[in-house]
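The next block is model_36.txt, given as compact mmCIF, C-alpha atoms.
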```txt
# COMPACT_ATOMS: atom_id res chain seq x y z
CA MET L 528 61.87 -70.47 128.99
CA THR L 529 62.20 -69.80 125.33
CA GLN L 530 62.86 -72.80 123.30
CA THR L 531 64.98 -72.42 120.22
CA THR L 532 64.09 -74.78 117.48
CA LYS L 533 66.06 -75.80 114.49
CA PRO L 534 64.35 -74.77 111.24
CA GLN L 535 62.45 -77.77 110.07
CA GLU L 536 62.46 -79.19 106.61
CA PRO L 537 59.21 -78.18 104.85
CA ASN L 538 56.60 -80.87 104.90
CA GLN L 539 54.95 -82.16 101.72
CA LYS L 540 52.21 -79.55 101.73
CA GLN L 541 54.67 -76.71 102.30
CA LYS L 542 56.86 -78.07 99.56
CA GLU L 543 53.88 -77.97 97.23
CA VAL L 544 53.18 -74.36 98.19
CA LEU L 545 56.83 -73.42 97.62
CA THR L 546 56.88 -75.19 94.30
CA LYS L 547 53.65 -73.48 93.36
CA LYS L 548 55.22 -70.08 94.14
CA ILE L 549 58.15 -70.84 91.87
CA ASP L 550 55.92 -72.33 89.22
CA SER L 551 53.28 -69.70 89.18
CA HIS L 552 54.94 -66.54 88.02
CA LYS L 553 54.82 -67.32 84.32
CA ALA L 554 52.84 -69.49 81.96
CA ILE L 555 52.39 -70.56 78.38
CA ILE L 556 48.79 -71.04 77.31
CA PHE L 557 48.40 -73.67 74.60
CA ASP L 558 45.73 -73.36 71.94
CA SER L 559 44.51 -76.56 70.23
CA GLY L 560 46.56 -76.19 67.06
CA VAL L 561 49.95 -76.35 68.76
CA LEU L 562 49.10 -79.53 70.67
CA ILE L 563 47.58 -81.05 67.52
CA SER L 564 50.69 -80.25 65.54
CA PHE L 565 53.03 -81.82 68.11
CA SER L 566 50.87 -84.90 68.65
CA MET L 567 50.26 -85.54 64.93
CA ASN L 568 53.99 -85.35 64.35
CA GLY L 569 54.70 -87.70 67.25
CA ILE L 570 56.89 -85.14 69.02
CA THR L 571 55.03 -84.52 72.27
CA HIS L 572 58.25 -85.50 74.08
CA ILE L 573 59.59 -82.09 72.99
CA ILE L 574 56.81 -80.44 75.00
CA LYS L 575 57.85 -82.56 78.00
CA ASN L 576 61.48 -81.53 77.53
CA LEU L 577 60.47 -77.89 77.17
CA LYS L 578 58.50 -78.10 80.38
CA ASN L 579 61.59 -79.40 82.18
CA VAL L 580 63.48 -76.21 81.34
CA PHE L 581 60.54 -73.84 81.84
CA LYS L 582 60.08 -72.57 85.33
CA GLY L 583 56.40 -71.97 84.95
CA LYS L 584 53.12 -73.54 83.91
CA PHE L 585 51.96 -74.97 80.60
CA LEU L 586 48.19 -74.44 80.65
CA ILE L 587 45.18 -75.45 78.59
CA THR L 588 41.56 -74.41 79.05
CA SER L 589 38.62 -76.82 79.28
CA GLU L 590 37.50 -75.75 75.81
CA VAL L 591 40.88 -76.65 74.34
CA LYS L 592 40.92 -79.92 76.28
CA LYS L 593 37.58 -80.77 74.71
CA GLU L 594 38.96 -80.13 71.21
CA VAL L 595 42.27 -81.95 71.53
CA ILE L 596 41.43 -84.76 73.96
CA ASP L 597 37.77 -85.39 74.76
CA THR L 598 36.25 -85.21 71.26
CA PRO L 599 39.05 -86.94 69.27
CA LEU L 600 39.20 -89.74 71.85
CA LYS L 601 35.84 -90.82 70.43
CA ILE L 602 37.18 -90.87 66.85
CA ARG L 603 39.32 -93.89 65.97
CA ARG L 604 41.37 -91.97 63.44
CA PHE L 605 42.61 -89.45 65.99
CA LYS L 606 42.45 -91.46 69.19
CA LEU L 607 46.20 -92.02 69.35
CA GLU L 608 46.96 -88.30 68.98
CA ALA L 609 44.38 -87.50 71.65
CA LEU L 610 45.96 -90.09 73.97
CA LYS L 611 49.39 -88.51 73.53
CA VAL L 612 48.03 -85.14 74.61
CA LYS L 613 46.10 -86.79 77.43
CA GLU L 614 49.36 -88.28 78.64
CA LEU L 615 50.86 -84.78 78.85
CA LEU L 616 47.94 -83.78 81.02
CA ASN L 617 48.12 -86.91 83.19
CA GLU L 618 51.81 -86.35 83.78
CA GLY L 619 51.29 -82.73 84.75
CA VAL L 620 53.29 -81.42 81.80
CA ILE L 621 50.25 -79.41 80.78
CA GLU L 622 47.80 -78.38 83.47
CA MET L 623 44.36 -76.94 83.83
CA PRO L 624 44.03 -73.34 85.09
CA SER L 625 42.61 -74.71 88.35
CA SER L 626 46.24 -75.52 89.24
CA LEU L 627 46.59 -71.76 89.70
CA GLY L 628 43.29 -71.46 91.52
CA ILE L 629 41.46 -70.18 88.45
CA GLU L 630 37.96 -71.61 88.19
CA ASP L 631 36.46 -72.76 84.91
CA SER L 632 33.45 -70.51 85.48
CA GLU L 633 35.70 -67.46 85.57
CA ILE L 634 37.23 -68.43 82.22
CA THR L 635 33.82 -69.26 80.73
CA ASN L 636 32.42 -65.85 81.67
CA ARG L 637 35.46 -64.04 80.33
CA THR L 638 35.39 -66.18 77.17
CA LYS L 639 31.82 -65.10 76.47
CA GLU L 640 32.79 -61.45 76.83
CA ILE L 641 35.81 -61.84 74.57
CA THR L 642 33.88 -63.81 71.95
CA GLY L 643 31.32 -61.01 71.86
CA ILE L 644 33.93 -58.30 71.45
CA ALA L 645 36.22 -60.17 69.03
CA ASN L 646 33.35 -61.23 66.81
CA SER L 647 32.05 -57.70 66.46
CA ILE L 648 35.34 -56.03 65.57
CA PHE L 649 34.80 -56.45 61.83
CA GLU L 650 31.65 -55.65 59.93
CA GLY L 651 30.96 -56.53 56.32
CA GLY L 652 27.80 -56.62 54.25
CA GLY L 653 25.89 -55.12 57.17
CA LYS L 654 26.83 -57.94 59.54
CA ASP L 655 29.40 -58.61 62.20
CA ILE L 656 31.92 -61.17 61.00
CA HIS L 657 32.13 -64.12 63.36
CA LEU L 658 35.84 -64.86 63.28
CA ILE L 659 36.81 -66.90 66.32
CA ASP L 660 35.22 -69.59 68.45
CA LEU L 661 35.23 -70.66 72.09
CA GLY L 662 38.58 -72.48 72.24
CA GLU L 663 40.52 -69.60 70.77
CA ALA L 664 38.61 -67.04 72.82
CA SER L 665 39.18 -69.08 76.00
CA CYS L 666 42.96 -68.79 75.49
CA LEU L 667 42.64 -65.02 75.27
CA ALA L 668 40.37 -65.06 78.33
CA LEU L 669 42.91 -67.02 80.35
CA GLY L 670 45.69 -64.73 79.14
CA GLU L 671 43.73 -61.73 80.37
CA ILE L 672 43.05 -63.33 83.77
CA LEU L 673 46.73 -64.22 84.18
CA ASN L 674 47.71 -60.66 83.27
CA GLU L 675 45.42 -59.36 85.98
CA LYS L 676 47.04 -61.72 88.46
CA GLY L 677 50.48 -60.45 87.44
CA ILE L 678 51.44 -63.78 85.87
CA LYS L 679 53.58 -63.22 82.81
CA ASN L 680 52.25 -65.26 79.93
CA VAL L 681 52.32 -65.90 76.21
CA ILE L 682 49.76 -67.75 74.14
CA ALA L 683 50.91 -70.49 71.77
CA VAL L 684 48.63 -70.30 68.72
CA ASP L 685 49.27 -71.92 65.35
CA GLU L 686 46.22 -70.81 63.43
CA ARG L 687 46.45 -67.55 61.56
CA THR L 688 43.21 -65.70 62.29
CA THR L 689 43.49 -65.35 66.08
CA ARG L 690 47.16 -64.45 65.80
CA VAL L 691 46.66 -61.71 63.21
CA LEU L 692 43.57 -60.45 65.01
CA VAL L 693 45.72 -59.85 68.09
CA GLU L 694 48.83 -58.57 66.35
CA SER L 695 47.55 -56.59 63.42
CA PRO L 696 43.78 -56.17 63.12
CA GLU L 697 44.25 -53.72 60.26
CA ASN L 698 46.12 -56.38 58.25
CA LEU L 699 43.29 -58.78 58.94
CA ARG L 700 40.73 -56.18 57.84
CA LYS L 701 42.53 -55.72 54.52
CA PHE L 702 42.83 -59.49 54.11
CA LEU L 703 39.13 -60.07 54.78
CA GLU L 704 38.18 -57.29 52.39
CA LYS L 705 40.27 -58.85 49.65
CA LYS L 706 39.01 -62.38 50.23
CA LEU L 707 35.35 -61.67 50.88
CA HIS L 708 34.97 -58.97 48.23
CA VAL L 709 33.02 -56.63 50.51
CA LYS L 710 33.94 -53.44 52.30
CA ILE L 711 35.02 -54.32 55.81
CA SER L 712 34.90 -51.78 58.60
CA LEU L 713 36.74 -52.09 61.89
CA LYS L 714 35.45 -50.99 65.30
CA LYS L 715 38.51 -49.38 66.81
CA GLU L 716 36.92 -49.17 70.26
CA ASN L 717 36.99 -52.99 70.42
CA LEU L 718 40.71 -53.25 69.73
CA GLU L 719 42.14 -52.03 73.03
CA PHE L 720 41.89 -55.38 74.83
CA LEU L 721 43.92 -57.12 72.12
CA LYS L 722 47.06 -55.16 72.96
CA LYS L 723 47.65 -57.18 76.12
CA PHE L 724 48.46 -60.46 74.40
CA ARG L 725 51.71 -61.90 73.11
CA ILE L 726 51.70 -64.85 70.76
CA ILE L 727 54.17 -67.54 69.75
CA ARG L 728 53.68 -70.57 67.49
CA SER L 729 54.90 -74.16 67.27
CA PRO L 730 57.95 -73.12 65.20
CA GLU L 731 59.13 -70.79 67.98
CA LEU L 732 58.74 -73.61 70.51
CA ILE L 733 60.81 -75.83 68.20
CA TYR L 734 63.41 -73.06 67.97
CA VAL L 735 63.63 -72.79 71.78
CA ALA L 736 63.93 -76.57 72.10
CA TYR L 737 66.67 -76.56 69.49
CA LYS L 738 68.62 -73.77 71.17
CA LYS L 739 68.28 -75.42 74.57
CA GLY L 740 69.64 -78.64 73.11
CA ILE L 741 66.64 -80.69 74.10
CA ILE L 742 65.81 -82.10 70.69
CA LYS L 743 67.09 -85.62 70.74
CA LEU L 744 67.57 -85.89 67.02
CA GLU L 745 71.21 -85.96 66.05
CA ASP L 746 71.18 -84.65 62.52
CA SER L 747 72.15 -81.33 60.97
CA SER L 748 68.77 -81.10 59.28
CA ALA L 749 66.73 -81.77 62.43
CA LEU L 750 65.63 -78.15 62.83
CA ASP L 751 64.56 -77.90 59.20
CA ALA L 752 62.67 -81.20 59.45
CA LEU L 753 60.84 -80.18 62.62
CA LEU L 754 59.91 -76.72 61.37
CA TYR L 755 58.42 -78.12 58.19
CA ALA L 756 56.71 -80.90 60.12
CA VAL L 757 54.79 -78.43 62.29
CA LYS L 758 54.03 -76.29 59.25
CA TYR L 759 52.46 -79.24 57.46
CA LYS L 760 50.30 -80.01 60.47
CA GLY L 761 48.69 -76.60 60.49
CA SER L 762 51.12 -74.08 61.90
CA SER L 763 50.69 -70.89 59.97
CA ILE L 764 54.23 -70.11 58.84
CA SER L 765 55.68 -69.37 55.43
CA GLU L 766 58.72 -71.04 53.93
CA SER L 767 60.64 -67.75 54.02
CA GLU L 768 59.93 -67.45 57.77
CA ILE L 769 61.23 -71.00 58.27
CA GLU L 770 64.40 -70.14 56.39
CA GLU L 771 64.82 -67.03 58.54
CA ILE L 772 64.42 -69.04 61.75
CA LYS L 773 67.08 -71.47 60.55
CA LYS L 774 69.46 -68.57 59.78
CA ILE L 775 68.92 -67.05 63.23
CA ALA L 776 69.54 -70.45 64.83
CA GLU L 777 72.86 -70.74 63.01
CA GLN L 778 73.97 -67.21 63.89
CA LYS L 779 73.59 -67.25 67.64
CA MET A 1141 18.51 -68.56 53.58
CA GLN A 1142 21.08 -66.07 52.45
CA GLU A 1143 22.27 -65.51 48.86
CA ARG A 1144 19.42 -67.65 47.48
CA GLU A 1145 19.82 -66.35 43.92
CA ASN A 1146 23.50 -67.21 43.95
CA ILE A 1147 22.84 -70.74 45.19
CA LEU A 1148 20.11 -71.23 42.57
CA ARG A 1149 22.42 -70.13 39.78
CA ILE A 1150 25.16 -72.45 41.05
CA PHE A 1151 22.83 -75.48 41.11
CA GLN A 1152 21.44 -74.66 37.66
CA GLU A 1153 24.94 -74.39 36.20
CA THR A 1154 25.94 -77.54 38.06
CA LYS A 1155 23.12 -79.47 36.45
CA GLU A 1156 24.23 -78.31 33.03
CA ALA A 1157 27.85 -79.27 33.78
CA VAL A 1158 26.73 -82.71 35.03
CA SER A 1159 25.17 -83.46 31.65
CA LYS A 1160 28.60 -82.77 30.09
CA GLU A 1161 30.40 -84.60 32.92
CA ASP A 1162 32.50 -81.44 33.35
CA SER A 1163 33.90 -82.01 36.85
CA ALA A 1164 36.31 -79.06 36.69
CA LYS A 1165 33.43 -76.66 36.06
CA ILE A 1166 31.44 -78.16 38.95
CA LYS A 1167 34.41 -77.84 41.30
CA ASN A 1168 34.81 -74.25 40.26
CA LEU A 1169 31.10 -73.62 40.91
CA SER A 1170 31.42 -75.00 44.42
CA ASP A 1171 34.10 -72.42 45.15
CA LYS A 1172 31.66 -69.66 44.31
CA THR A 1173 29.72 -70.41 47.46
CA THR A 1174 32.80 -69.93 49.65
CA ASN A 1175 32.65 -66.14 49.82
CA SER A 1176 29.09 -65.99 51.05
CA ALA A 1177 29.60 -68.98 53.36
CA SER A 1178 32.63 -67.25 54.92
CA LEU A 1179 30.76 -64.02 55.36
CA THR A 1180 27.41 -65.33 56.55
CA HIS A 1181 28.26 -68.78 58.00
CA ASP A 1182 24.89 -69.75 56.58
CA PRO A 1183 24.42 -73.57 56.82
CA ASP A 1184 22.44 -73.60 53.54
CA ASN A 1185 25.36 -72.04 51.68
CA ILE A 1186 27.75 -74.46 53.31
CA ALA A 1187 25.58 -77.46 52.40
CA ALA A 1188 25.47 -76.26 48.79
CA ALA A 1189 29.26 -76.01 48.66
CA VAL A 1190 29.70 -79.55 50.00
CA ILE A 1191 27.05 -81.13 47.74
CA VAL A 1192 28.34 -79.49 44.57
CA TYR A 1193 32.00 -80.22 45.36
CA SER A 1194 31.18 -83.85 46.19
CA LEU A 1195 29.37 -84.20 42.89
CA SER A 1196 32.46 -83.01 41.02
CA LYS A 1197 34.53 -85.70 42.74
CA ILE A 1198 31.92 -88.41 42.16
CA ILE A 1199 31.78 -87.65 38.44
CA GLU A 1200 35.58 -87.77 38.21
CA ARG A 1201 35.69 -91.33 39.49
CA GLN A 1202 34.77 -93.69 36.69
CA ASP A 1203 35.36 -96.74 38.90
CA TYR A 1204 32.41 -95.84 41.15
CA LYS A 1205 30.08 -96.52 38.23
CA LYS A 1206 30.94 -100.21 38.35
CA LEU A 1207 30.02 -100.58 42.02
CA PRO A 1208 26.68 -102.15 42.99
CA GLY A 1209 24.02 -99.58 43.83
CA TRP A 1210 25.64 -96.81 41.76
CA ASP A 1211 22.85 -96.30 39.19
CA LYS A 1212 20.12 -95.92 41.79
CA PHE A 1213 22.21 -93.61 43.97
CA TYR A 1214 23.28 -91.36 41.10
CA LYS A 1215 19.71 -91.12 39.82
CA ILE A 1216 18.44 -90.03 43.24
CA TYR A 1217 21.34 -87.57 43.63
CA LEU A 1218 20.42 -85.86 40.35
CA GLU A 1219 16.70 -85.93 41.16
CA SER A 1220 17.48 -84.25 44.47
CA ILE A 1221 19.35 -81.52 42.65
CA ASP A 1222 16.24 -80.96 40.49
CA ARG A 1223 14.17 -80.81 43.68
CA ILE A 1224 16.65 -78.31 45.16
CA ILE A 1225 16.46 -76.12 42.05
CA ASP A 1226 12.63 -76.16 42.11
CA ALA A 1227 12.58 -75.26 45.79
CA LEU A 1228 15.03 -72.40 45.30
CA LYS A 1229 12.94 -71.05 42.42
CA LYS A 1230 9.92 -70.98 44.72
CA SER A 1231 11.93 -69.50 47.62
CA ASP A 1232 11.00 -72.64 49.50
CA ASP A 1233 13.83 -72.95 52.04
CA GLU A 1234 12.37 -76.04 53.68
CA GLY A 1235 12.08 -77.73 50.29
CA TYR A 1236 15.75 -76.94 49.66
CA ARG A 1237 16.75 -78.47 53.00
CA GLU A 1238 14.61 -81.51 52.26
CA GLY A 1239 16.52 -82.00 49.00
CA VAL A 1240 19.81 -81.85 50.91
CA LYS A 1241 18.46 -84.28 53.48
CA ILE A 1242 17.43 -86.81 50.82
CA ILE A 1243 20.99 -86.93 49.47
CA ARG A 1244 22.39 -87.58 52.94
CA LYS A 1245 19.74 -90.20 53.63
CA GLU A 1246 20.52 -92.01 50.38
CA ILE A 1247 24.19 -92.16 51.32
CA SER A 1248 23.33 -93.74 54.65
CA LYS A 1249 21.23 -96.35 52.80
CA LEU A 1250 24.15 -97.40 50.58
CA SER A 1251 26.19 -100.44 51.43
CA GLY A 1252 29.60 -101.97 50.81
CA LYS A 1253 32.37 -100.20 48.99
CA LEU A 1254 30.09 -97.62 47.37
CA LYS A 1255 28.95 -96.42 50.79
CA GLU A 1256 32.56 -96.18 52.02
CA ARG A 1257 33.68 -94.28 48.93
CA ILE A 1258 30.78 -91.84 48.86
CA GLN A 1259 31.07 -91.15 52.58
CA GLU A 1260 34.75 -90.48 52.03
CA VAL A 1261 33.96 -88.10 49.18
CA PHE A 1262 31.56 -86.12 51.39
CA ARG A 1263 34.04 -86.07 54.27
CA ASP A 1264 36.81 -84.84 51.98
CA ALA A 1265 34.45 -82.25 50.51
CA SER A 1266 33.69 -80.92 54.00
CA ILE A 1267 37.39 -80.69 54.82
CA ASN A 1268 38.14 -79.03 51.50
CA LYS A 1269 35.39 -76.46 52.03
CA ALA A 1270 36.51 -75.88 55.62
CA SER A 1271 40.01 -75.24 54.35
CA ARG A 1272 38.65 -72.74 51.80
CA ILE A 1273 36.70 -70.88 54.47
CA TYR A 1274 39.78 -70.84 56.71
CA GLU A 1275 41.69 -69.34 53.78
CA HIS A 1276 39.09 -66.58 53.75
CA GLY A 1277 40.15 -65.45 57.23
CA ILE A 1278 37.76 -67.31 59.54
CA SER A 1279 39.54 -69.05 62.42
CA MET A 1280 40.36 -72.73 62.28
CA GLU A 1281 38.12 -73.70 65.17
CA ARG A 1282 35.16 -71.69 63.92
CA THR A 1283 35.53 -73.21 60.46
CA ALA A 1284 35.85 -76.75 61.78
CA ARG A 1285 32.66 -76.26 63.77
CA LEU A 1286 30.76 -74.87 60.77
CA LEU A 1287 31.67 -77.85 58.58
CA GLY A 1288 31.48 -80.51 61.26
CA VAL A 1289 35.08 -81.63 60.83
CA THR A 1290 37.71 -82.11 63.53
CA LEU A 1291 40.56 -79.71 64.13
CA TYR A 1292 42.98 -82.59 63.52
CA GLU A 1293 41.60 -83.07 60.00
CA LEU A 1294 41.52 -79.39 59.20
CA ALA A 1295 44.97 -78.61 60.64
CA SER A 1296 46.76 -81.18 58.51
CA TYR A 1297 44.78 -80.33 55.37
CA ALA A 1298 45.25 -76.57 55.80
CA GLY A 1299 48.91 -77.10 56.67
CA GLU A 1300 49.52 -78.62 53.26
CA LYS A 1301 47.70 -75.85 51.43
CA GLU A 1302 48.21 -72.59 53.24
CA SER A 1303 51.62 -71.18 52.37
CA PRO A 1304 50.86 -68.50 49.75
CA LYS A 1305 48.18 -66.91 51.89
CA ILE A 1306 50.36 -66.37 54.93
CA LEU A 1307 52.41 -63.50 53.61
CA GLU A 1308 49.28 -61.47 53.13
CA THR A 1309 48.59 -61.50 56.85
CA LYS A 1310 52.11 -61.42 58.27
CA ALA A 1311 51.98 -59.26 61.37
CA ILE A 1312 55.12 -59.64 63.49
CA ASP A 1313 58.60 -60.38 62.20
CA VAL A 1314 60.37 -63.63 62.96
CA LYS A 1315 63.06 -62.06 65.18
CA THR A 1316 60.52 -60.40 67.47
CA ARG A 1317 58.53 -63.60 67.88
CA ILE A 1318 61.66 -65.62 68.63
CA LYS A 1319 62.65 -62.99 71.19
CA THR A 1320 59.23 -63.34 72.85
CA ALA A 1321 59.64 -67.12 73.01
CA MET A 1322 63.19 -66.99 74.36
CA GLU A 1323 62.25 -64.36 76.95
CA ILE A 1324 59.41 -66.38 78.43
CA PHE A 1325 61.72 -69.37 78.78
CA GLY A 1326 64.23 -67.09 80.50
```

Could I get this structure in the form of C-alpha cells?
Amino acid sequence: MTQTTKPQEPNQKQKEVLTKKIDSHKAIIFDSGVLISFSMNGITHIIKNLKNVFKGKFLITSEVKKEVIDTPLKIRRFKLEALKVKELLNEGVIEMPSSLGIEDSEITNRTKEITGIANSIFEGGGKDIHLIDLGEASCLALGEILNEKGIKNVIAVDERTTRVLVESPENLRKFLEKKLHVKISLKKENLEFLKKFRIIRSPELIYVAYKKGIIKLEDSSALDALLYAVKYKGSSISESEIEEIKKIAEQK
Amino acid sequence: MQERENILRIFQETKEAVSKEDSAKIKNLSDKTTNSASLTHDPDNIAAAVIVYSLSKIIERQDYKKLPGWDKFYKIYLESIDRIIDALKKSDDEGYREGVKIIRKEISKLSGKLKERIQEVFRDASINKASRIYEHGISMERTARLLGVTLYELASYAGEKESPKILETKAIDVKTRIKTAMEIFG
C-alpha cells in the first residue's frame, strides 16, 4: 500500500540549504578600505541595513580580515574601529568565503598568481612595478573564483590603484609615467584577466543606501555629509564626482 | 642600495639646510626621495625620506628645544647624519643602515615628553611619506606595508589630501558605476 504523505516543513538543515541557495547567487566582495571608511565614520549600521536588502553575500577574504580586524585590534588607536568590523563578521553581515564552500587555500593560491601577474603588468626603469599587495589581490582572486562558479559579484574598493588597474590600465600607465618620471611600458598579454572584474566604491554603497531609504538620518544634507565623510576616510572620489552623484540622486 | 648618489646628495644638502635651520628646504629634499622609493620600494630610500622629513619637522618646533634630553638627542641625530654621509661616500650600505639604526635607537632611549613628541614626528613622517608614495600610483595596502603604517592611518590621511590627483586617473563615469551598484542590489 502506497502511503501518501503531506509535504513536510523543511527542517533546520534544509532551511539552511534553501537559504544558502537564495543567498549564494550574488556577492559583494569588500576590500579593506571600504570597511575602514565605514567603521572610522561610525556608520557600519549602513552596511547592516544594506545587507538586509541584498539577497546575496557580503564577503571578505582572510587577508582583508587581517588588515581590518586582526592587526588593528592590537593597536589601541584603532581597536574600536576593528571591533565594529568584527561585530559585522560576528553577526554574519559580512562572511568569509568558506560560507560558500571556498577554502582559504584556494584563494591563497589564486592570490599568488594574481599578485604575480598584476605586479608585472607595468615596467619602468628596467624593473617590474610592484603595485598591489595581498589584500587587494585576494579580492580579485575571490572575484575570479566566484565568476567561475557563476556567482555574480562586484568588488567594493576605495583605493585608487587597484580600481584604475582593473578599469583602465592605460590611464594608470600614463599616470605612473607622469609621477615617476620614467618611461613605463605595459604588458598587454597580462591585461586579459582584469576584464572580468566590476568595481564599486563606498560612495556608490552610500548612494544605494540613500535610494533604498535605509539611511536613518533625517536631513536634506545627509547624502552630501555621508559622501564627503567616506571621501575623507580614504575613498578615492573627486568633489565633482560627489556633486554628480548628488544630482543623479535628486533626478531619479 | 638603489639611487645611492641621489640619497647622498639629499643628505649633504640636508646638512647644509640644517645649519640654516631651513625646514622648508629639508621638507622639499625629503620629497625628492619619493620618486625612487615609489619605483624601487627600496627600504634605504624610504628610510632616507622618513629621516629627512622628520628632521624638517623637528627643526620647526622651537618648543622641543626646551625639553629635557633635547641637546644630547639633537647632537646624536646630526652626528648620525654625518655618519650616513660618510658611509654613502664610501658606498658602505651597512654603514648607512647603522647610521639609520642609531637614530632609531636614540629615540627609544629618550624619555618623557620628548620621547612622545619625537616618536609622533617619526610616525607622522612615515604616514606622510606613505601618502606621497600612494599619490605616485602604488596601492594603499602596498604603501602601508612599505612604511609600516596601518591602513586606518593611511586611509584617513590620504583621504584628506588626495582630491586633485583623482581626476588624472578617472576611469569609469559616475553613472556607469552607480548602475553597477544598483544592478547588483537588484

Contact residues around stretch 734-745 of chain L with all atoms listed in the file at 8 Å, ignoring same-chain residues under 4 positions, as a VMD selection string: (chain L and resid 573 576 to 577 730 749 to 750 772 776) or (chain A and resid 1318 1321 to 1322)

Minimum-distance residue to chain L, chosen among A:Ser1170, A:Ser1159, A:Ser1248, A:Asn1175 (using all atoms listed in the file): A:Asn1175

Counting all atoms listed in the file, chain A residues within 8 Å of chain L, as a ChimeraX atom specification: /A:1175-1176,1178-1180,1276-1282,1290-1292,1294-1300,1302-1304,1306-1312,1314-1315,1317-1318,1320-1322,1324-1326

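Distance-wise, atom CA of A:Asn1268 and atom CA of A:Ile1199 end up 16.9 Å apart.
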
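What separates atom CA of L:Phe720 from atom CA of L:Gly677 is a distance of 16.1 Å.
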
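Using all atoms listed in the file, the smallest distance between any of A:Glu1145, A:Glu1219, A:Glu1238, A:Asp1171 and A:Ile1273 comes from A:Asp1171.
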
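Of the listed residues A:Glu1161, A:Ile1147, A:Thr1283, A:Val1240, the one whose atoms come nearest to A:Glu1200 is A:Glu1161, with distances taken using all atoms listed in the file.
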
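Between atom CA of L:Ser626 and atom CA of L:Leu586 lies a distance of 8.9 Å.
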
Shell around A:Tyr1204 at 9 Å using all atoms listed in the file, local window under 2 positions removed, as JSON, numbers by chain: {"A": [1198, 1199, 1201, 1202, 1206, 1207, 1208, 1210, 1253, 1254, 1257, 1258]}

Protein/DNA/RNA residues near (33.9, -49.6, 64.6), cut 12 Å, only C-alpha atoms, as a list in words: Ile644, Ala645, Asn646, Ser647, Ile648, Phe649, Glu650, Gly651, Asp655, Pro696, Glu697, Arg700, Ile711, Ser712, Leu713, Lys714, Lys715, Glu716, Asn717 and Leu718 of chain L

For the residues selected in the previous step, produce a file with C-alpha atoms as an mmCIF file, in the frame of the given file.
```cif
data_model
loop_
_atom_site.group_PDB
_atom_site.id
_atom_site.type_symbol
_atom_site.label_atom_id
_atom_site.label_comp_id
_atom_site.auth_asym_id
_atom_site.auth_seq_id
_atom_site.Cartn_x
_atom_site.Cartn_y
_atom_site.Cartn_z
ATOM 1 C CA ILE L 644 33.930 -58.300 71.450
ATOM 2 C CA ALA L 645 36.220 -60.170 69.030
ATOM 3 C CA ASN L 646 33.350 -61.230 66.810
ATOM 4 C CA SER L 647 32.050 -57.700 66.460
ATOM 5 C CA ILE L 648 35.340 -56.030 65.570
ATOM 6 C CA PHE L 649 34.800 -56.450 61.830
ATOM 7 C CA GLU L 650 31.650 -55.650 59.930
ATOM 8 C CA GLY L 651 30.960 -56.530 56.320
ATOM 9 C CA ASP L 655 29.400 -58.610 62.200
ATOM 10 C CA PRO L 696 43.780 -56.170 63.120
ATOM 11 C CA GLU L 697 44.250 -53.720 60.260
ATOM 12 C CA ARG L 700 40.730 -56.180 57.840
ATOM 13 C CA ILE L 711 35.020 -54.320 55.810
ATOM 14 C CA SER L 712 34.900 -51.780 58.600
ATOM 15 C CA LEU L 713 36.740 -52.090 61.890
ATOM 16 C CA LYS L 714 35.450 -50.990 65.300
ATOM 17 C CA LYS L 715 38.510 -49.380 66.810
ATOM 18 C CA GLU L 716 36.920 -49.170 70.260
ATOM 19 C CA ASN L 717 36.990 -52.990 70.420
ATOM 20 C CA LEU L 718 40.710 -53.250 69.730
#
```

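Of the listed residues (L:Lys723, L:Lys584, L:Lys611, L:Lys710), L:Lys723 comes nearest to L:Ile672; the distances count all atoms listed in the file.
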
Sphere at (42.7, -82.7, 73.8), radius 7 Å, counting all atoms listed in the file: residues as JSON, numbers by chain: {"L": [591, 592, 593, 594, 595, 596, 597, 609, 612, 613]}

Surrounding residues of A:Asp1226 excluding itself and chain neighbours under 2 positions, 12 Å, all atoms listed in the file, as a PyMOL selection string: chain A and resi 1147-1149+1151-1152+1219-1224+1228-1239
